[in-house]
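Visitor: I am sharing structure-v9.csv, which consists of CSV, C-alpha atoms:
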```
chain,number,residue,atom,x,y,z
M,76,MET,CA,35.6,27.6,-14.0
M,77,LEU,CA,36.0,24.9,-16.6
M,78,LYS,CA,34.9,22.3,-14.1
M,79,ILE,CA,31.6,24.2,-13.3
M,80,LYS,CA,30.9,24.6,-17.0
M,81,HIS,CA,31.4,20.8,-17.5
M,82,PHE,CA,29.2,20.1,-14.5
M,83,ILE,CA,26.4,22.2,-15.8
M,84,GLN,CA,26.7,20.8,-19.3
M,85,GLN,CA,26.4,17.3,-18.0
M,86,SER,CA,23.7,17.8,-15.5
M,87,TRP,CA,21.4,20.7,-16.6
M,88,LEU,CA,18.7,18.3,-17.7
M,89,LEU,CA,18.8,16.5,-14.3
M,90,ILE,CA,18.6,19.8,-12.4
M,91,VAL,CA,15.8,21.2,-14.5
M,92,ALA,CA,13.8,17.9,-14.4
M,93,SER,CA,14.3,17.7,-10.6
M,94,PHE,CA,12.7,21.1,-10.1
M,95,PHE,CA,9.9,20.4,-12.5
M,96,PHE,CA,9.1,17.0,-11.1
M,97,GLY,CA,9.3,18.4,-7.5
M,98,LEU,CA,6.9,21.0,-8.4
M,99,LEU,CA,4.5,18.5,-10.0
M,100,ILE,CA,4.6,16.3,-6.8
M,101,ALA,CA,4.1,19.4,-4.6
M,102,VAL,CA,1.0,20.5,-6.6
M,103,THR,CA,-0.5,17.1,-6.5
M,104,ASN,CA,0.2,16.7,-2.8
M,105,ALA,CA,-1.4,20.1,-2.1
M,106,ALA,CA,-4.4,19.3,-4.1
M,107,LEU,CA,-5.0,15.8,-2.6
M,108,SER,CA,-3.8,16.1,1.0
M,109,PRO,CA,-7.1,17.4,2.5
M,110,ARG,CA,-8.8,14.4,1.0
M,111,ILE,CA,-6.2,12.0,2.3
M,112,VAL,CA,-6.4,13.6,5.8
M,113,GLN,CA,-10.2,13.3,5.7
M,114,ASN,CA,-9.9,9.6,4.7
M,115,LYS,CA,-7.8,9.0,7.7
M,116,ILE,CA,-10.2,10.8,10.0
M,117,ASN,CA,-13.1,8.8,8.5
M,118,LYS,CA,-11.3,5.5,9.0
M,119,ARG,CA,-10.4,6.4,12.6
M,120,ASN,CA,-14.0,7.4,13.4
M,121,ARG,CA,-15.3,4.1,11.9
M,122,LEU,CA,-12.9,2.1,14.0
M,123,VAL,CA,-13.6,3.9,17.2
M,124,GLY,CA,-17.3,3.6,16.4
M,125,LEU,CA,-16.9,-0.2,16.4
M,126,LEU,CA,-15.0,-0.1,19.7
M,127,LEU,CA,-17.4,2.2,21.5
M,128,PRO,CA,-20.9,1.0,20.6
M,129,GLY,CA,-23.4,3.8,20.5
M,130,SER,CA,-20.9,6.6,19.7
M,131,LYS,CA,-21.9,8.9,16.9
M,132,ASN,CA,-19.9,12.1,17.1
M,133,PHE,CA,-16.3,12.6,18.0
M,134,VAL,CA,-15.4,15.9,19.6
M,135,LEU,CA,-11.8,17.0,20.2
M,136,GLU,CA,-11.7,17.5,24.0
M,137,LYS,CA,-8.2,18.6,24.6
M,138,GLU,CA,-4.6,18.2,23.6
M,139,ILE,CA,-2.4,16.5,26.1
M,140,GLU,CA,1.4,16.6,26.1
M,141,ILE,CA,2.9,13.3,27.0
M,142,GLU,CA,6.4,11.8,27.0
M,143,SER,CA,6.9,9.1,24.4
M,144,ILE,CA,8.8,5.8,25.1
M,145,GLN,CA,12.0,7.4,23.7
M,146,GLY,CA,11.6,10.3,26.1
M,147,LYS,CA,10.4,12.8,23.5
M,148,LYS,CA,7.5,15.2,24.2
M,149,GLU,CA,4.5,14.5,22.0
M,150,LYS,CA,1.0,16.1,21.7
M,151,VAL,CA,-1.9,13.7,21.8
M,152,GLU,CA,-5.4,14.7,20.8
M,153,VAL,CA,-8.0,13.1,23.1
M,154,TYR,CA,-11.5,12.8,21.5
M,155,LYS,CA,-14.7,12.6,23.4
M,156,ALA,CA,-17.1,10.1,21.9
M,157,MET,CA,-20.7,11.3,22.1
M,158,SER,CA,-23.9,9.2,21.7
M,159,GLU,CA,-26.9,10.3,19.7
M,160,ALA,CA,-28.4,11.7,22.9
M,161,ASP,CA,-25.2,13.8,23.4
M,162,GLU,CA,-23.9,11.8,26.3
M,163,CYS,CA,-20.3,10.9,26.7
M,164,VAL,CA,-19.8,7.2,26.0
M,165,GLY,CA,-16.0,7.1,26.0
M,166,TRP,CA,-12.7,8.5,25.0
M,167,SER,CA,-10.3,7.8,22.2
M,168,PHE,CA,-6.8,8.8,21.3
M,169,ASN,CA,-4.2,7.9,18.8
M,170,ALA,CA,-1.1,6.2,20.1
M,171,ALA,CA,2.1,5.3,18.2
M,172,GLY,CA,5.4,3.7,18.8
M,173,SER,CA,8.0,1.6,17.2
M,174,GLY,CA,7.1,-2.0,16.4
M,175,PHE,CA,9.1,-4.9,15.0
M,176,ALA,CA,9.6,-3.6,11.5
M,177,ASP,CA,8.2,-0.1,11.5
M,178,LYS,CA,6.1,2.4,13.4
M,179,ILE,CA,2.8,1.0,14.8
M,180,GLU,CA,-0.1,3.5,14.9
M,181,LEU,CA,-3.0,2.5,17.1
M,182,VAL,CA,-6.3,4.1,18.0
M,183,VAL,CA,-7.2,3.3,21.6
M,184,ALA,CA,-10.7,3.6,23.1
M,185,VAL,CA,-11.5,3.9,26.8
M,186,ASP,CA,-14.8,4.0,28.6
M,187,LYS,CA,-16.2,7.2,29.9
M,188,ASP,CA,-14.7,7.0,33.4
M,189,PHE,CA,-11.2,5.9,32.2
M,190,GLU,CA,-11.6,2.7,34.2
M,191,LYS,CA,-11.7,0.1,31.4
M,192,LEU,CA,-10.2,-0.2,28.0
M,193,ALA,CA,-12.8,-0.5,25.2
M,194,GLY,CA,-10.1,-1.9,23.0
M,195,PHE,CA,-7.7,-0.8,20.3
M,196,ASP,CA,-7.4,-1.1,16.5
M,197,VAL,CA,-4.4,-0.7,14.2
M,198,LEU,CA,-4.4,2.3,12.0
M,199,ALA,CA,-1.1,1.6,10.3
M,200,SER,CA,1.6,-1.0,10.8
M,201,ASN,CA,4.1,-2.9,8.8
M,202,GLU,CA,4.6,-6.0,10.9
M,203,THR,CA,5.6,-9.3,9.3
M,204,PRO,CA,2.7,-10.9,7.6
M,205,GLY,CA,1.6,-14.1,9.3
M,206,PHE,CA,3.4,-13.2,12.5
M,207,GLY,CA,3.5,-9.7,13.7
M,208,ASP,CA,0.4,-8.6,11.8
M,209,GLN,CA,-1.6,-10.9,14.1
M,210,ILE,CA,-1.9,-7.8,16.4
M,211,LYS,CA,-4.7,-6.9,14.1
M,212,TYR,CA,-6.6,-10.2,14.7
M,213,ASP,CA,-9.5,-10.4,17.0
M,214,TYR,CA,-8.2,-13.1,19.3
M,215,TYR,CA,-5.3,-10.7,20.3
M,216,ARG,CA,-7.3,-7.5,20.3
M,217,ASP,CA,-10.2,-9.1,22.3
M,218,GLN,CA,-7.9,-9.4,25.3
M,219,PHE,CA,-7.9,-5.6,25.6
M,220,LYS,CA,-11.7,-5.2,25.4
M,221,GLY,CA,-12.8,-4.5,28.9
M,222,ALA,CA,-9.3,-4.8,30.4
M,223,PRO,CA,-8.7,-2.4,33.3
M,224,ALA,CA,-7.2,0.9,32.2
M,225,GLU,CA,-4.0,0.5,34.1
M,226,GLU,CA,-0.5,-0.8,33.5
M,227,LEU,CA,-1.0,-3.9,31.4
M,228,LYS,CA,1.4,-6.8,31.7
M,229,LEU,CA,2.5,-9.2,28.9
M,230,ILE,CA,2.6,-12.9,29.9
M,231,SER,CA,3.9,-15.6,27.7
M,232,SER,CA,1.2,-18.2,28.5
M,233,GLY,CA,-2.2,-18.1,29.9
M,234,ASP,CA,-5.8,-17.9,29.0
M,235,PRO,CA,-6.4,-15.2,26.4
M,236,LYS,CA,-10.1,-15.3,27.0
M,237,LYS,CA,-9.7,-14.1,30.6
M,238,ILE,CA,-10.1,-10.4,30.6
M,239,ASP,CA,-7.7,-8.8,33.0
M,240,ALA,CA,-4.5,-6.7,33.0
M,241,GLU,CA,-2.5,-9.7,31.7
M,242,ILE,CA,-2.2,-9.9,28.0
M,243,VAL,CA,-1.1,-13.2,26.5
M,244,THR,CA,1.6,-12.7,23.9
M,245,ILE,CA,1.2,-13.9,20.3
M,246,SER,CA,3.5,-16.9,19.8
M,247,GLY,CA,6.1,-16.0,17.2
M,248,ALA,CA,5.5,-12.3,17.5
M,249,THR,CA,6.7,-11.4,20.9
M,250,VAL,CA,8.2,-8.1,19.8
M,251,SER,CA,5.0,-6.9,18.1
M,252,SER,CA,2.8,-8.0,21.1
M,253,GLU,CA,5.2,-6.3,23.4
M,254,ALA,CA,5.2,-3.1,21.3
M,255,VAL,CA,1.4,-2.8,21.4
M,256,VAL,CA,1.3,-3.3,25.2
M,257,GLU,CA,4.1,-0.8,25.7
M,258,ILE,CA,2.5,1.8,23.5
M,259,ILE,CA,-0.9,1.5,25.2
M,260,ASN,CA,0.7,1.5,28.6
M,261,ASN,CA,2.8,4.6,27.9
M,262,PHE,CA,-0.1,6.6,26.4
M,263,LEU,CA,-2.8,5.4,28.7
M,264,THR,CA,-1.2,6.0,32.0
M,265,GLN,CA,-0.1,9.5,31.2
M,266,ILE,CA,-3.4,10.5,29.5
M,267,LYS,CA,-5.4,9.0,32.3
M,268,GLU,CA,-3.5,10.8,34.9
M,269,GLN,CA,-3.9,14.2,33.2
M,270,MET,CA,-7.5,13.7,32.4
M,271,GLN,CA,-8.4,12.7,35.9
M,272,LYS,CA,-6.3,15.5,37.4
M,273,LYS,CA,-8.1,18.2,35.6
M,274,ASP,CA,-11.7,16.8,35.8
V,5,MET,CA,2.0,8.1,-49.2
V,6,THR,CA,-0.7,5.6,-48.4
V,7,ASP,CA,1.8,2.9,-48.4
V,8,LYS,CA,3.8,4.7,-45.7
V,9,SER,CA,0.8,5.3,-43.5
V,10,GLU,CA,-0.2,1.7,-43.9
V,11,VAL,CA,3.2,0.5,-42.8
V,12,ARG,CA,3.0,2.9,-39.9
V,13,THR,CA,-0.4,1.6,-38.8
V,14,ALA,CA,0.9,-2.0,-39.1
V,15,LEU,CA,3.9,-1.0,-36.9
V,16,TYR,CA,1.6,0.5,-34.3
V,17,GLY,CA,-0.6,-2.5,-34.3
V,18,GLN,CA,2.3,-4.8,-33.9
V,19,THR,CA,3.8,-2.7,-31.1
V,20,LEU,CA,0.5,-2.9,-29.3
V,21,ILE,CA,0.0,-6.6,-29.7
V,22,ALA,CA,3.6,-7.4,-28.8
V,23,GLY,CA,3.0,-6.4,-25.2
V,24,LEU,CA,-0.2,-8.5,-25.0
V,25,TRP,CA,1.2,-11.8,-26.1
V,26,ARG,CA,4.5,-12.1,-28.1
V,27,GLU,CA,6.5,-10.0,-25.6
V,28,ASN,CA,4.1,-10.2,-22.7
V,29,PRO,CA,6.1,-8.7,-19.8
V,30,VAL,CA,5.2,-11.4,-17.3
V,31,PHE,CA,5.0,-14.5,-19.4
V,32,ARG,CA,7.6,-13.9,-22.1
V,33,LEU,CA,10.0,-11.3,-20.6
V,34,LEU,CA,9.6,-12.4,-17.0
V,35,LEU,CA,9.8,-8.8,-15.8
V,36,GLY,CA,8.0,-7.3,-12.8
V,37,MET,CA,7.8,-10.5,-10.9
V,38,CYS,CA,7.6,-8.8,-7.5
V,39,PRO,CA,4.0,-7.4,-7.9
V,40,THR,CA,3.1,-10.4,-10.0
V,41,LEU,CA,3.7,-12.6,-7.0
V,42,ALA,CA,2.7,-10.2,-4.2
V,43,VAL,CA,-0.6,-8.6,-5.2
V,44,THR,CA,-2.4,-11.4,-7.0
V,45,ALA,CA,-4.2,-12.9,-4.1
V,46,ALA,CA,-7.4,-11.2,-5.3
V,47,VAL,CA,-8.5,-9.5,-8.6
V,48,LYS,CA,-9.2,-6.1,-7.2
V,49,PRO,CA,-5.7,-5.3,-5.9
V,50,ALA,CA,-4.3,-6.8,-9.0
V,51,LEU,CA,-6.4,-4.6,-11.2
V,52,THR,CA,-5.5,-1.5,-9.2
V,53,MET,CA,-1.8,-2.4,-9.4
V,54,GLY,CA,-2.2,-2.9,-13.2
V,55,CYS,CA,-3.9,0.5,-13.6
V,56,CYS,CA,-1.1,2.2,-11.6
V,57,VAL,CA,1.5,0.5,-13.7
V,58,ILE,CA,-0.3,1.6,-17.0
V,59,PHE,CA,-0.4,5.2,-15.7
V,60,VAL,CA,3.2,5.3,-14.7
V,61,LEU,CA,4.4,3.5,-17.8
V,62,VAL,CA,2.5,5.8,-20.2
V,63,CYS,CA,3.7,9.0,-18.4
V,64,SER,CA,7.3,7.9,-18.1
V,65,ASN,CA,7.4,6.7,-21.7
V,66,ILE,CA,6.1,10.1,-22.8
V,67,ILE,CA,8.6,12.1,-20.8
V,68,VAL,CA,11.5,9.8,-21.7
V,69,SER,CA,10.6,9.9,-25.4
V,70,LEU,CA,10.4,13.7,-25.4
V,71,MET,CA,13.8,14.1,-23.8
V,72,ARG,CA,15.5,11.2,-25.6
V,73,ASN,CA,17.7,13.5,-27.6
V,74,LEU,CA,18.9,15.5,-24.6
V,75,LEU,CA,19.9,12.4,-22.5
V,76,LYS,CA,23.5,12.0,-21.6
V,77,PRO,CA,24.3,8.2,-21.9
V,78,HIS,CA,25.9,7.9,-18.5
V,79,LEU,CA,23.1,9.8,-16.8
V,80,ARG,CA,20.1,8.2,-18.5
V,81,ILE,CA,19.3,5.6,-15.8
V,82,LEU,CA,19.3,8.4,-13.3
V,83,MET,CA,16.8,10.4,-15.4
V,84,PHE,CA,14.6,7.3,-15.9
V,85,THR,CA,14.4,6.6,-12.2
V,86,LEU,CA,13.7,10.2,-11.4
V,87,THR,CA,10.9,10.3,-14.0
V,88,ILE,CA,9.4,7.0,-12.8
V,89,ALA,CA,9.6,7.9,-9.1
V,90,THR,CA,7.7,11.2,-9.8
V,91,PHE,CA,4.8,9.5,-11.4
V,92,VAL,CA,4.7,6.6,-8.9
V,93,THR,CA,4.5,9.2,-6.1
V,94,ILE,CA,1.6,10.9,-7.9
V,95,ALA,CA,-0.1,7.6,-8.5
V,96,ASP,CA,0.4,6.7,-4.8
V,97,LEU,CA,-1.2,10.0,-3.7
V,98,PHE,CA,-4.2,9.5,-6.0
V,99,LEU,CA,-4.7,6.0,-4.6
V,100,LYS,CA,-4.5,7.3,-1.0
V,101,ALA,CA,-7.1,10.0,-1.8
V,102,PHE,CA,-9.6,8.1,-3.9
V,103,GLN,CA,-9.0,4.4,-3.1
V,104,PRO,CA,-7.8,4.4,0.6
V,105,GLU,CA,-8.7,0.7,1.1
V,106,MET,CA,-6.8,-0.5,-2.0
V,107,SER,CA,-3.9,1.8,-1.0
V,108,GLU,CA,-3.7,-0.1,2.3
V,109,VAL,CA,-4.0,-3.5,0.7
V,110,LEU,CA,-1.3,-2.8,-1.7
V,111,GLY,CA,0.8,-1.1,1.0
V,112,PRO,CA,4.5,-0.8,0.0
V,113,TYR,CA,3.9,-2.4,-3.4
V,114,VAL,CA,2.8,0.9,-4.9
V,115,PRO,CA,6.0,2.8,-4.1
V,116,LEU,CA,7.8,-0.3,-5.2
V,117,ILE,CA,6.6,0.3,-8.8
V,118,ILE,CA,9.6,2.6,-9.0
V,119,VAL,CA,11.9,-0.5,-9.2
V,120,ASN,CA,9.5,-2.4,-11.4
V,121,CYS,CA,11.7,-3.6,-14.2
V,122,ILE,CA,9.0,-3.4,-16.9
V,123,ILE,CA,9.0,0.4,-16.7
V,124,ILE,CA,12.7,1.0,-16.8
V,125,CYS,CA,13.0,-1.7,-19.5
V,126,ARG,CA,10.5,0.1,-21.7
V,127,ALA,CA,12.1,3.5,-21.1
V,128,GLU,CA,15.5,2.0,-22.1
V,129,ALA,CA,14.4,-0.3,-24.9
V,130,CYS,CA,11.7,1.7,-26.5
V,131,ALA,CA,11.0,5.2,-25.3
V,132,SER,CA,14.6,6.4,-25.4
V,133,LYS,CA,14.9,5.2,-29.1
V,134,ASN,CA,11.5,5.9,-30.5
V,135,GLY,CA,9.1,8.8,-31.2
V,136,LEU,CA,6.2,9.8,-29.0
V,137,ILE,CA,3.4,7.8,-30.6
V,138,VAL,CA,5.3,4.5,-30.7
V,139,SER,CA,6.4,5.0,-27.1
V,140,VAL,CA,2.8,5.6,-26.0
V,141,ILE,CA,1.5,2.6,-27.9
V,142,ASP,CA,4.3,0.5,-26.5
V,143,ALA,CA,3.5,1.6,-23.0
V,144,LEU,CA,-0.2,0.9,-23.5
V,145,GLY,CA,0.5,-2.6,-24.9
V,146,MET,CA,2.9,-3.5,-22.2
V,147,GLY,CA,0.8,-2.0,-19.5
V,148,ILE,CA,-2.4,-3.7,-20.6
V,149,GLY,CA,-0.5,-7.0,-21.1
V,150,PHE,CA,0.8,-6.8,-17.6
V,151,THR,CA,-2.6,-5.9,-16.1
V,152,LEU,CA,-4.4,-8.7,-18.0
V,153,THR,CA,-1.8,-11.3,-16.9
V,154,LEU,CA,-2.0,-10.1,-13.3
V,155,CYS,CA,-5.8,-10.3,-13.4
V,156,VAL,CA,-5.8,-13.8,-14.9
V,157,LEU,CA,-3.4,-15.0,-12.2
V,158,ALA,CA,-5.3,-13.2,-9.5
V,159,GLY,CA,-8.6,-14.6,-10.8
V,160,VAL,CA,-7.3,-18.2,-10.6
V,161,ARG,CA,-6.0,-17.6,-7.1
V,162,GLU,CA,-9.0,-15.8,-5.8
V,163,PHE,CA,-11.3,-18.4,-7.2
V,164,LEU,CA,-9.5,-21.3,-5.6
V,165,SER,CA,-8.7,-19.6,-2.3
V,166,THR,CA,-12.2,-18.2,-1.7
V,167,GLY,CA,-14.6,-19.4,-4.3
V,168,LYS,CA,-15.1,-15.9,-5.4
V,169,ILE,CA,-14.0,-13.7,-8.4
V,170,PHE,CA,-14.0,-10.0,-7.9
V,171,GLU,CA,-15.7,-10.6,-4.5
V,172,VAL,CA,-18.6,-12.2,-6.3
V,173,GLN,CA,-19.4,-15.7,-5.0
V,174,PHE,CA,-19.2,-18.4,-7.8
V,175,MET,CA,-18.9,-21.6,-5.9
V,176,PRO,CA,-21.6,-23.3,-3.7
V,177,ASP,CA,-21.2,-23.1,0.0
V,178,ALA,CA,-20.0,-26.7,0.0
V,179,PHE,CA,-16.8,-25.6,-1.7
V,180,VAL,CA,-13.8,-26.0,0.5
V,181,PRO,CA,-11.4,-23.1,-0.1
V,182,TRP,CA,-7.8,-23.8,-0.9
V,183,ALA,CA,-6.3,-21.4,1.6
V,184,ALA,CA,-2.8,-22.1,0.3
V,185,MET,CA,-3.7,-20.4,-3.0
V,186,GLY,CA,-4.1,-17.1,-1.2
V,187,MET,CA,-0.7,-17.4,0.3
V,188,PRO,CA,2.7,-16.8,-1.4
V,189,VAL,CA,3.0,-20.5,-2.2
V,190,GLY,CA,-0.2,-20.2,-4.3
V,191,ALA,CA,1.4,-17.4,-6.3
V,192,PHE,CA,4.5,-19.4,-7.1
V,193,ILE,CA,2.5,-22.5,-8.1
V,194,THR,CA,0.0,-20.6,-10.2
V,195,LEU,CA,2.7,-18.6,-12.0
V,196,GLY,CA,4.8,-21.7,-12.6
V,197,LEU,CA,1.9,-23.6,-14.1
V,198,MET,CA,0.9,-20.7,-16.3
V,199,LEU,CA,4.4,-20.1,-17.6
V,200,GLY,CA,4.5,-23.8,-18.5
V,201,LEU,CA,1.2,-23.5,-20.3
V,202,VAL,CA,2.3,-20.5,-22.2
V,203,ASN,CA,5.5,-22.3,-23.2
V,204,VAL,CA,3.6,-25.2,-24.5
V,205,ILE,CA,1.3,-23.0,-26.5
V,206,THR,CA,4.2,-21.0,-28.0
V,207,LYS,CA,6.1,-24.1,-28.9
V,208,ARG,CA,3.0,-25.4,-30.8
V,209,GLU,CA,2.7,-22.2,-32.6
V,210,ALA,CA,6.3,-22.3,-33.7
```
Let's see the structure in the file written out as structure tokens.
Guide:
Amino acid sequence: MLKIKHFIQQSWLLIVASFFFGLLIAVTNAALSPRIVQNKINKRNRLVGLLLPGSKNFVLEKEIEIESIQGKKEKVEVYKAMSEADECVGWSFNAAGSGFADKIELVVAVDKDFEKLAGFDVLASNETPGFGDQIKYDYYRDQFKGAPAEELKLISSGDPKKIDAEIVTISGATVSSEAVVEIINNFLTQIKEQMQKKD
Amino acid sequence: MTDKSEVRTALYGQTLIAGLWRENPVFRLLLGMCPTLAVTAAVKPALTMGCCVIFVLVCSNIIVSLMRNLLKPHLRILMFTLTIATFVTIADLFLKAFQPEMSEVLGPYVPLIIVNCIIICRAEACASKNGLIVSVIDALGMGIGFTLTLCVLAGVREFLSTGKIFEVQFMPDAFVPWAAMGMPVGAFITLGLMLGLVNVITKREA
């Protein structure tokens, strides 16, 4: 009993403050999270708009359940990109997986027949500056633009300008380059299969 | 009575000015070196970081000053960290909501304000010993001093590495940018030279 009294005496301020501060953060988060989510959507739409020229609206087409690289079930939202004339110009979906330092979140765009990749962009990553973060650079990303939408292969040397299923790795950042290819492969093959099956 | 209030005003003025020059957190106390080196590649992120630090510093100083008589000595650092972490999280959420681009540029350095020594130093050295008004003025002085220093550093680096200040072009197209100034090495060199300069000036003054 004495112990409990001592404990409360010493730490009541800490306990009260924790509750109060927790409440403060919860209120702020509740007030701001719609805006933060909207910011993310806007950014995503802007990036996809760049990858799929002519796209204007993005409509949620369906949710597809896929298996992640670690073998977990995940739900992926596949968006249909519509042009001004309301024609489908392509598809896009978010893809994520572990990179070198942290999770890499990508947005991947595919043409309307799921035959060719329109490219990808990085939504969030924490790769080493100067090395791994080169996955954001054009010379690496351009290799995916127009590449066939099938299993991509990472090669250590070759011509990055040649557009095919072979992706040339970034020297000094093999793990990050590998992670991107793996994430895209995993998501793309499963989504493609399910999209074509039901169409 | 007037004497007292005059003394008090003088004290407030001194507290404010101390943070700007005599006890400038970066140049004189050498605190908060991590953001100083990391986010000063351009003025805009430096200014954003400075504003976040001012916000966190003022809020945490207010809270610490208000509860200074309730603090148990061996639990005080825990309380400081808890207070600081709360306000940093709030600042981070605000940045994400209203300045998403800056939030991305600053990345992990916003949450890292939690371990910024300036804030815990001011909580320990000032707010836990002084009243509310002095604590707030101290926080403002230190925060503005920190922000100005960051902006000067960032201004020099951005100017030399891109020819721009605050994304406005200042140099003719013929200017060859010093790319190294935008990289970590530029931060160390600029900070070192500035510290040297400040030392020379203060030695002359004394």
Visitor: Please report as a VMD selection string which residues of chain M come no farther than 9 Å from chain V, using all atoms listed in the file.
Guide: chain M and resid 85 to 86 88 to 89 92 to 93 96 to 97 99 to 100 103 to 104 107 to 115 199 201
Visitor: I want to know what sits within 7 Å of stretch 143-156 of chain M, based on all atoms listed in the file, with residues of the same chain fewer than 6 positions away left out; could you give that as an MDAnalysis selection string?
Guide: chainID M and resid 130 132:137 163:169 261
Visitor: Please produce a file of those selected residues containing C-alpha atoms, as a JSON list (two decimals), keeping the file's coordinate frame.
Guide:
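The new file part-v4.json reads:
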```json
[["chain", "number", "residue", "atom", "x", "y", "z"],
["M", 130, "SER", "CA", -20.90, 6.60, 19.70],
["M", 132, "ASN", "CA", -19.90, 12.10, 17.10],
["M", 133, "PHE", "CA", -16.30, 12.60, 18.00],
["M", 134, "VAL", "CA", -15.40, 15.90, 19.60],
["M", 135, "LEU", "CA", -11.80, 17.00, 20.20],
["M", 136, "GLU", "CA", -11.70, 17.50, 24.00],
["M", 137, "LYS", "CA", -8.20, 18.60, 24.60],
["M", 163, "CYS", "CA", -20.30, 10.90, 26.70],
["M", 164, "VAL", "CA", -19.80, 7.20, 26.00],
["M", 165, "GLY", "CA", -16.00, 7.10, 26.00],
["M", 166, "TRP", "CA", -12.70, 8.50, 25.00],
["M", 167, "SER", "CA", -10.30, 7.80, 22.20],
["M", 168, "PHE", "CA", -6.80, 8.80, 21.30],
["M", 169, "ASN", "CA", -4.20, 7.90, 18.80],
["M", 261, "ASN", "CA", 2.80, 4.60, 27.90]]
```
Visitor: What is the distance between atom CA of V:Leu144 and atom CA of V:Phe170, in Å to one decimal?
Guide: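 Result for atom CA of V:Leu144 versus atom CA of V:Phe170: 23.5 Å, one decimal.
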Visitor: For the point (7.3, -5.3, -32.3) in file coordinates, what residues are within 12 Å, counting all atoms listed in the file? Give the answer as a count of residues only?
Guide: 24
Visitor: Could you state the separation of atom CA of V:Leu164 and atom CA of V:Ala183 in Å, given to one decimal place?
Guide: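 For atom CA of V:Leu164 relative to atom CA of V:Ala183, the distance reads 7.9 Å.
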Visitor: Atom CA of V:Asn65 and atom CA of V:Val140 are how many Å apart?
Guide: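 Separating atom CA of V:Asn65 from atom CA of V:Val140 is a distance of 6.4 Å.
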Visitor: Find the spatial neighbours of V:Leu61, counting all atoms listed in the file, within a cut-off of 6 Å - ignore same-chain residues fewer than 4 positions away - and output them as a list in words.
Guide: Val57, Asn65, Ile123 and Ala143 of chain V
Visitor: Quick one: write out the picked residues with C-alpha atoms as a PDB file, keeping the file's coordinate frame?
Guide:
```pdb
ATOM      1  CA  VAL V  57       1.500   0.500 -13.700  1.00  0.00           C
ATOM      2  CA  ASN V  65       7.400   6.700 -21.700  1.00  0.00           C
ATOM      3  CA  ILE V 123       9.000   0.400 -16.700  1.00  0.00           C
ATOM      4  CA  ALA V 143       3.500   1.600 -23.000  1.00  0.00           C
TER       5      ALA V 143
END
```
Visitor: Taking all atoms listed in the file into account, name the residue in M:Asp239, M:Glu202, M:Asp196, M:Glu268 that is nearest to M:Val182.
Guide: M:Asp196
Visitor: Using only C-alpha atoms for the distances, tell me which of V:Leu70, V:Ile205, V:Leu154, V:Ala178 is nearest to V:Lys133.
Guide: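 For V:Lys133, the nearest of the candidates is V:Leu70.
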Visitor: Within 9 Å of (-4.3, -3.1, -9.1) in the file's own coordinates, which protein, DNA or RNA residues have an atom, counting all atoms listed in the file? List them as a PyMOL selection string.
Guide: chain V and resi 43-44+47-57+106+110+151+154-155
Visitor: The selected residues should be written to file as a tab-separated table (two decimals), in the coordinates of the input (atoms: C-alpha atoms).
Guide:
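Here's the written file again-v1.tsv:
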```
chain	number	residue	atom	x	y	z
V	43	VAL	CA	-0.60	-8.60	-5.20
V	44	THR	CA	-2.40	-11.40	-7.00
V	47	VAL	CA	-8.50	-9.50	-8.60
V	48	LYS	CA	-9.20	-6.10	-7.20
V	49	PRO	CA	-5.70	-5.30	-5.90
V	50	ALA	CA	-4.30	-6.80	-9.00
V	51	LEU	CA	-6.40	-4.60	-11.20
V	52	THR	CA	-5.50	-1.50	-9.20
V	53	MET	CA	-1.80	-2.40	-9.40
V	54	GLY	CA	-2.20	-2.90	-13.20
V	55	CYS	CA	-3.90	0.50	-13.60
V	56	CYS	CA	-1.10	2.20	-11.60
V	57	VAL	CA	1.50	0.50	-13.70
V	106	MET	CA	-6.80	-0.50	-2.00
V	110	LEU	CA	-1.30	-2.80	-1.70
V	151	THR	CA	-2.60	-5.90	-16.10
V	154	LEU	CA	-2.00	-10.10	-13.30
V	155	CYS	CA	-5.80	-10.30	-13.40
```
Visitor: Find the residues near V:Thr166: any atom within 12 Å, counting only C-alpha atoms, skip ones fewer than 4 places away on the same chain, and give them as an mmCIF file with C-alpha atoms, keeping the file's coordinate frame.
Guide:
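So around_26.cif came out as:
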```
data_model
loop_
_atom_site.group_PDB
_atom_site.id
_atom_site.type_symbol
_atom_site.label_atom_id
_atom_site.label_comp_id
_atom_site.auth_asym_id
_atom_site.auth_seq_id
_atom_site.Cartn_x
_atom_site.Cartn_y
_atom_site.Cartn_z
ATOM 1 C CA ALA V 45 -4.200 -12.900 -4.100
ATOM 2 C CA ALA V 46 -7.400 -11.200 -5.300
ATOM 3 C CA VAL V 47 -8.500 -9.500 -8.600
ATOM 4 C CA ALA V 158 -5.300 -13.200 -9.500
ATOM 5 C CA GLY V 159 -8.600 -14.600 -10.800
ATOM 6 C CA VAL V 160 -7.300 -18.200 -10.600
ATOM 7 C CA ARG V 161 -6.000 -17.600 -7.100
ATOM 8 C CA GLU V 162 -9.000 -15.800 -5.800
ATOM 9 C CA PHE V 170 -14.000 -10.000 -7.900
ATOM 10 C CA GLU V 171 -15.700 -10.600 -4.500
ATOM 11 C CA VAL V 172 -18.600 -12.200 -6.300
ATOM 12 C CA GLN V 173 -19.400 -15.700 -5.000
ATOM 13 C CA PHE V 174 -19.200 -18.400 -7.800
ATOM 14 C CA MET V 175 -18.900 -21.600 -5.900
ATOM 15 C CA PRO V 176 -21.600 -23.300 -3.700
ATOM 16 C CA ASP V 177 -21.200 -23.100 0.000
ATOM 17 C CA ALA V 178 -20.000 -26.700 0.000
ATOM 18 C CA PHE V 179 -16.800 -25.600 -1.700
ATOM 19 C CA VAL V 180 -13.800 -26.000 0.500
ATOM 20 C CA PRO V 181 -11.400 -23.100 -0.100
ATOM 21 C CA TRP V 182 -7.800 -23.800 -0.900
ATOM 22 C CA ALA V 183 -6.300 -21.400 1.600
ATOM 23 C CA ALA V 184 -2.800 -22.100 0.300
ATOM 24 C CA MET V 185 -3.700 -20.400 -3.000
ATOM 25 C CA GLY V 186 -4.100 -17.100 -1.200
ATOM 26 C CA MET V 187 -0.700 -17.400 0.300
#
```
